[in-house]
Each structure stands twice: as structure tokens, then as C-alpha cells.
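Undergrad: My questions all concern the structure below.
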Amino acid sequence: MLKRNGNRGEAFREKLNRANAVRAKVLDEVKFIRSWAQNPLRTGAVTPSGPDLAAKMASYLTPRPHSRVVELGPGTGVVTKALMERGFSHQQLNLIEYSPDFCDLLSLRYPGMKVIQGDAYALRATLKHAGGFSLDGAEAGQKLDGIVSSLPLLTRPEPVRKALLDEAFGLLKPGAPFIQFSYGLVAPVKPAGYGISVISSEWVWKNLPPARVWVYRKGH
């Protein structure tokens, strides 16, 4: 009898956990839709990225001691969660989010993580204003190990996209990736300049809508 009651209690907890997960997902989607309605060019997507797409983005980074990664446009934190599951700590991740509401949500969801409210398209200035970054030095150890972006790049003019990528490469270690997902058929930023490479993942069909991950690198 006790064993049966214990099984019922465990089943109830599992149902409650599933219900809470569904509720959290619905609330995140409502926040995204509200943000999109207020400013569709800045939010871009109507719903957050799916977990499969987030995991694919995180897979191009390998956590190491003293790694530093910046995430652009984290929204509700789906990609942030994937980065943590990949092995990155709170101290290794720095989030730049334009929406104050999403910043508040991220601070509650990931206590102790550095959440910066600012413009990712003015990347260096935003990081410098936030403090705690040594980005002006020439040593590779002062630079970033990766930048992961969920920004809606295709809503911006091509010169703005190229300027963001150029600025990102100035902050990244040689060969470190700039990771961007896109729903488009071609690369969201056309690589220009010597030593810049770009590869894409296969389509992530489980994402809605389907998307691919594009990874840019610049050598020495």
C-alpha cells in the first residue's frame, strides 16, 4: 500500500513538473509576442528559439577554464540554458539584451549572471559601459572565446550587419566563433575580408520556423 501511494505521489510530481514547464513555455511565448508587437524590428521572432536550435548553437563552443562568452539578444534565455547545459558557468557568460523586461526575467532566471541592458549593435561601447571588461588590450587572453547571437540580423541593413560582425571580430580571440542563427536561405552576413570563413549547420527542422546556424571565424 505504501509503495502504491509512493508511486502515485511520484506520478503526481511528474505531472506537476510537466504542467509547470508548459506554463513557463507559454508565458515566455506571451512575453515574446508582446515584445515583438511593441518593436518587431528589434525582436524579430514572434516566439523564442526552440531547444534543438539552442543546443545546436551551443555545440560550436567548448567550455574551458577562464572562458568568456557574450550572448547577444538572449530574450527569455533559451540559448543561455543550452550554454549552461554545455558546461559554461554563470561567471563565464555575459548577456546583452535590449529589452528591460527580458533583462529582469533573465536576472530572475539566472541569479548572479551578468545581464547588460544595452544595444548589441554598439557592442564595444555597451560592454565598456557595463564595466569589468578589458577589451582594448592586444593580448588574446583579454578577448572573448565566443559570441552567440540571436539578433534578428535580417531586419537590419546589410552595412549594419557587416559593422556588427567587424566589431565582433575585434573583440574575439583569433579563430573564436561568432555564432548566429537565421531563418534565411543564405548567410545573414556575407563574409568580406581576408581570412574570414563561414559555415552553416544543417536545417533544424524541429524549430518553428526551421532555422540554420551560421558560424563565422577570423584567423590570425
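Identifiers in this document derive from the order of the C-alpha cells: chains are assigned A, B, ..., residues are numbered from 1 separately in each chain, and ligands are numbered from 1 in order of occurrence.
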Please identify every residue of region 131-195 of chain A that has at least one atom no farther than 10 Å from an atom of region 111-123 of chain A, counting only C-alpha atoms, and for each give the shortest atom pair and the distance in Å to one decimal, arranged by chain then increasing number, as a tab-separated table.
TA:
```
residue	atom	partner	partner_atom	distance
A:Gly131	CA	A:Ile116	CA	9.9
A:Ser149	CA	A:Ala120	CA	9.2
A:Leu151	CA	A:Ala120	CA	8.3
A:Leu153	CA	A:Tyr121	CA	9.9
A:Val160	CA	A:Tyr121	CA	7.8
A:Arg161	CA	A:Tyr121	CA	8.3
A:Ala163	CA	A:Tyr121	CA	8.2
A:Leu164	CA	A:Tyr121	CA	5.8
A:Leu165	CA	A:Tyr121	CA	9.4
A:Glu167	CA	A:Leu123	CA	7.0
A:Ala168	CA	A:Leu123	CA	7.4
A:Leu171	CA	A:Leu123	CA	9.1
```
Undergrad: Please provide as number ranges by chain all residues within 12 Å of Tyr183 (chain A), with the sequence filter that same-chain residues fewer than 3 positions apart are discarded (counting only C-alpha atoms).
TA: A: 44-45, 49, 53, 150-155, 180, 186-188, 200-205, 207-214
Undergrad: Write out the residues from the selection above, keeping C-alpha atoms, as a compact mmCIF listing (two decimals), in the first residue's frame.
TA:
```txt
# COMPACT_ATOMS: atom_id res chain seq x y z
CA GLY A 44 12.42 39.80 -34.99
CA ALA A 45 10.94 36.43 -33.98
CA SER A 49 14.16 29.72 -30.26
CA LEU A 53 18.25 25.13 -32.22
CA SER A 150 20.05 35.55 -31.60
CA LEU A 151 19.69 39.06 -33.01
CA PRO A 152 17.25 39.44 -35.94
CA LEU A 153 20.02 40.46 -38.31
CA LEU A 154 17.90 40.26 -41.45
CA THR A 155 15.73 43.13 -40.18
CA GLN A 180 24.27 33.34 -35.44
CA VAL A 186 21.71 32.39 -47.37
CA ALA A 187 24.23 33.63 -44.82
CA PRO A 188 22.82 36.57 -42.82
CA SER A 200 26.36 26.56 -41.73
CA SER A 201 24.69 23.72 -39.89
CA GLU A 202 22.03 21.51 -41.38
CA TRP A 203 18.47 22.78 -41.05
CA VAL A 204 17.00 22.38 -37.57
CA TRP A 205 13.58 21.19 -38.67
CA ASN A 207 12.49 24.59 -34.68
CA LEU A 208 9.47 26.71 -35.60
CA PRO A 209 10.15 28.04 -38.16
CA PRO A 210 13.09 25.85 -39.26
CA ALA A 211 16.44 27.57 -38.97
CA ARG A 212 20.15 27.08 -39.54
CA VAL A 213 23.18 28.09 -37.51
CA TRP A 214 25.93 30.11 -39.20
```
Undergrad: Can you list every residue in region 28-220 of chain A that DSSP puts in alpha helix (DSSP H), as number ranges by chain?
TA: A: 28-38, 40-43, 51-58, 78-86, 100-109, 123-130, 158-171
Undergrad: Write out as a ChimeraX atom specification each polymer residue whose atoms come within 8 Å of Val148 (chain A), counting only C-alpha atoms; drop sequence neighbours fewer than 4 positions from it.
TA: /A:57,69-72,178-180
Undergrad: CA of Gly75 (chain A) to CA of Glu97 (chain A): how many Å, to one decimal?
TA: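 That distance, rounded to one decimal, is 6.8 Å.
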Undergrad: Select from region 99-214 of chain A everything DSSP, run on the backbone, classes as strand (DSSP E or B), then give the selection as a PDB file with N, CA and C atoms, in the first residue's frame.
TA:
```pdb
ATOM      1  N   LYS A 114      25.839  37.997 -15.327  1.00  0.00           N
ATOM      2  CA  LYS A 114      25.920  39.398 -15.744  1.00  0.00           C
ATOM      3  C   LYS A 114      24.966  39.636 -16.911  1.00  0.00           C
ATOM      4  N   VAL A 115      23.927  40.418 -16.644  1.00  0.00           N
ATOM      5  CA  VAL A 115      22.942  40.777 -17.657  1.00  0.00           C
ATOM      6  C   VAL A 115      23.080  42.277 -17.917  1.00  0.00           C
ATOM      7  N   ILE A 116      23.386  42.624 -19.159  1.00  0.00           N
ATOM      8  CA  ILE A 116      23.649  44.023 -19.527  1.00  0.00           C
ATOM      9  C   ILE A 116      22.493  44.519 -20.382  1.00  0.00           C
ATOM     10  N   GLN A 117      21.834  45.569 -19.938  1.00  0.00           N
ATOM     11  CA  GLN A 117      20.778  46.183 -20.740  1.00  0.00           C
ATOM     12  C   GLN A 117      21.432  47.193 -21.680  1.00  0.00           C
ATOM     13  N   LEU A 144      37.472  37.628 -26.177  1.00  0.00           N
ATOM     14  CA  LEU A 144      36.383  36.691 -25.944  1.00  0.00           C
ATOM     15  C   LEU A 144      36.610  35.367 -26.659  1.00  0.00           C
ATOM     16  N   GLY A 146      34.003  33.503 -27.577  1.00  0.00           N
ATOM     17  CA  GLY A 146      32.874  33.273 -28.470  1.00  0.00           C
ATOM     18  C   GLY A 146      31.801  34.323 -28.274  1.00  0.00           C
ATOM     19  N   ILE A 147      31.054  34.587 -29.335  1.00  0.00           N
ATOM     20  CA  ILE A 147      29.871  35.437 -29.285  1.00  0.00           C
ATOM     21  C   ILE A 147      28.735  34.650 -29.906  1.00  0.00           C
ATOM     22  N   VAL A 148      27.639  34.552 -29.187  1.00  0.00           N
ATOM     23  CA  VAL A 148      26.474  33.804 -29.640  1.00  0.00           C
ATOM     24  C   VAL A 148      25.332  34.793 -29.830  1.00  0.00           C
ATOM     25  N   SER A 149      24.789  34.866 -31.022  1.00  0.00           N
ATOM     26  CA  SER A 149      23.813  35.903 -31.338  1.00  0.00           C
ATOM     27  C   SER A 149      22.470  35.330 -31.784  1.00  0.00           C
ATOM     28  N   LEU A 172      36.929  39.255 -30.406  1.00  0.00           N
ATOM     29  CA  LEU A 172      37.130  37.811 -30.295  1.00  0.00           C
ATOM     30  C   LEU A 172      38.597  37.428 -30.430  1.00  0.00           C
ATOM     31  N   PHE A 178      31.852  33.547 -34.071  1.00  0.00           N
ATOM     32  CA  PHE A 178      30.647  34.365 -33.956  1.00  0.00           C
ATOM     33  C   PHE A 178      29.518  33.496 -34.481  1.00  0.00           C
ATOM     34  N   ILE A 179      28.577  33.153 -33.621  1.00  0.00           N
ATOM     35  CA  ILE A 179      27.546  32.161 -33.925  1.00  0.00           C
ATOM     36  C   ILE A 179      26.197  32.861 -34.047  1.00  0.00           C
ATOM     37  N   GLN A 180      25.524  32.643 -35.158  1.00  0.00           N
ATOM     38  CA  GLN A 180      24.274  33.340 -35.443  1.00  0.00           C
ATOM     39  C   GLN A 180      23.288  32.367 -36.080  1.00  0.00           C
ATOM     40  N   PHE A 181      22.048  32.374 -35.614  1.00  0.00           N
ATOM     41  CA  PHE A 181      21.059  31.560 -36.313  1.00  0.00           C
ATOM     42  C   PHE A 181      20.263  32.444 -37.261  1.00  0.00           C
ATOM     43  N   SER A 182      19.672  31.816 -38.276  1.00  0.00           N
ATOM     44  CA  SER A 182      18.896  32.567 -39.258  1.00  0.00           C
ATOM     45  C   SER A 182      17.859  31.657 -39.890  1.00  0.00           C
ATOM     46  N   ILE A 196      38.351  35.461 -43.384  1.00  0.00           N
ATOM     47  CA  ILE A 196      37.054  35.225 -42.747  1.00  0.00           C
ATOM     48  C   ILE A 196      36.400  34.009 -43.398  1.00  0.00           C
ATOM     49  N   SER A 197      35.974  33.065 -42.561  1.00  0.00           N
ATOM     50  CA  SER A 197      35.287  31.873 -43.058  1.00  0.00           C
ATOM     51  C   SER A 197      33.895  31.795 -42.445  1.00  0.00           C
ATOM     52  N   VAL A 198      33.004  31.100 -43.127  1.00  0.00           N
ATOM     53  CA  VAL A 198      31.656  30.888 -42.599  1.00  0.00           C
ATOM     54  C   VAL A 198      31.187  29.497 -42.997  1.00  0.00           C
ATOM     55  N   ILE A 199      30.590  28.811 -42.048  1.00  0.00           N
ATOM     56  CA  ILE A 199      29.976  27.514 -42.310  1.00  0.00           C
ATOM     57  C   ILE A 199      28.554  27.543 -41.757  1.00  0.00           C
ATOM     58  N   SER A 200      27.728  26.636 -42.245  1.00  0.00           N
ATOM     59  CA  SER A 200      26.361  26.556 -41.728  1.00  0.00           C
ATOM     60  C   SER A 200      26.068  25.131 -41.282  1.00  0.00           C
ATOM     61  N   VAL A 204      17.597  22.904 -38.801  1.00  0.00           N
ATOM     62  CA  VAL A 204      17.000  22.378 -37.569  1.00  0.00           C
ATOM     63  C   VAL A 204      15.487  22.379 -37.793  1.00  0.00           C
ATOM     64  N   ALA A 211      15.341  26.612 -38.907  1.00  0.00           N
ATOM     65  CA  ALA A 211      16.444  27.575 -38.972  1.00  0.00           C
ATOM     66  C   ALA A 211      17.763  26.833 -39.126  1.00  0.00           C
ATOM     67  N   ARG A 212      18.793  27.603 -39.493  1.00  0.00           N
ATOM     68  CA  ARG A 212      20.153  27.076 -39.539  1.00  0.00           C
ATOM     69  C   ARG A 212      21.054  27.942 -38.679  1.00  0.00           C
ATOM     70  N   VAL A 213      22.180  27.365 -38.286  1.00  0.00           N
ATOM     71  CA  VAL A 213      23.182  28.089 -37.511  1.00  0.00           C
ATOM     72  C   VAL A 213      24.357  28.400 -38.431  1.00  0.00           C
ATOM     73  N   TRP A 214      24.796  29.662 -38.398  1.00  0.00           N
ATOM     74  CA  TRP A 214      25.933  30.111 -39.196  1.00  0.00           C
ATOM     75  C   TRP A 214      27.068  30.474 -38.259  1.00  0.00           C
TER      76      TRP A 214
END
```
Undergrad: Quote the spacing between CA of Gly87 (chain A) and CA of Lys206 (chain A) in Å to one decimal place.
TA: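 Separation of CA of Gly87 (chain A) and CA of Lys206 (chain A): 23.3 Å.
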Undergrad: Identify which of the residues A:Thr76, A:Arg68, A:Leu185, A:Thr62 lies closest to Ser99 (chain A), counting only C-alpha atoms when measuring atom-to-atom distances.
TA: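 Looking at the shortest contact to Ser99 (chain A), the residue is A:Thr76.
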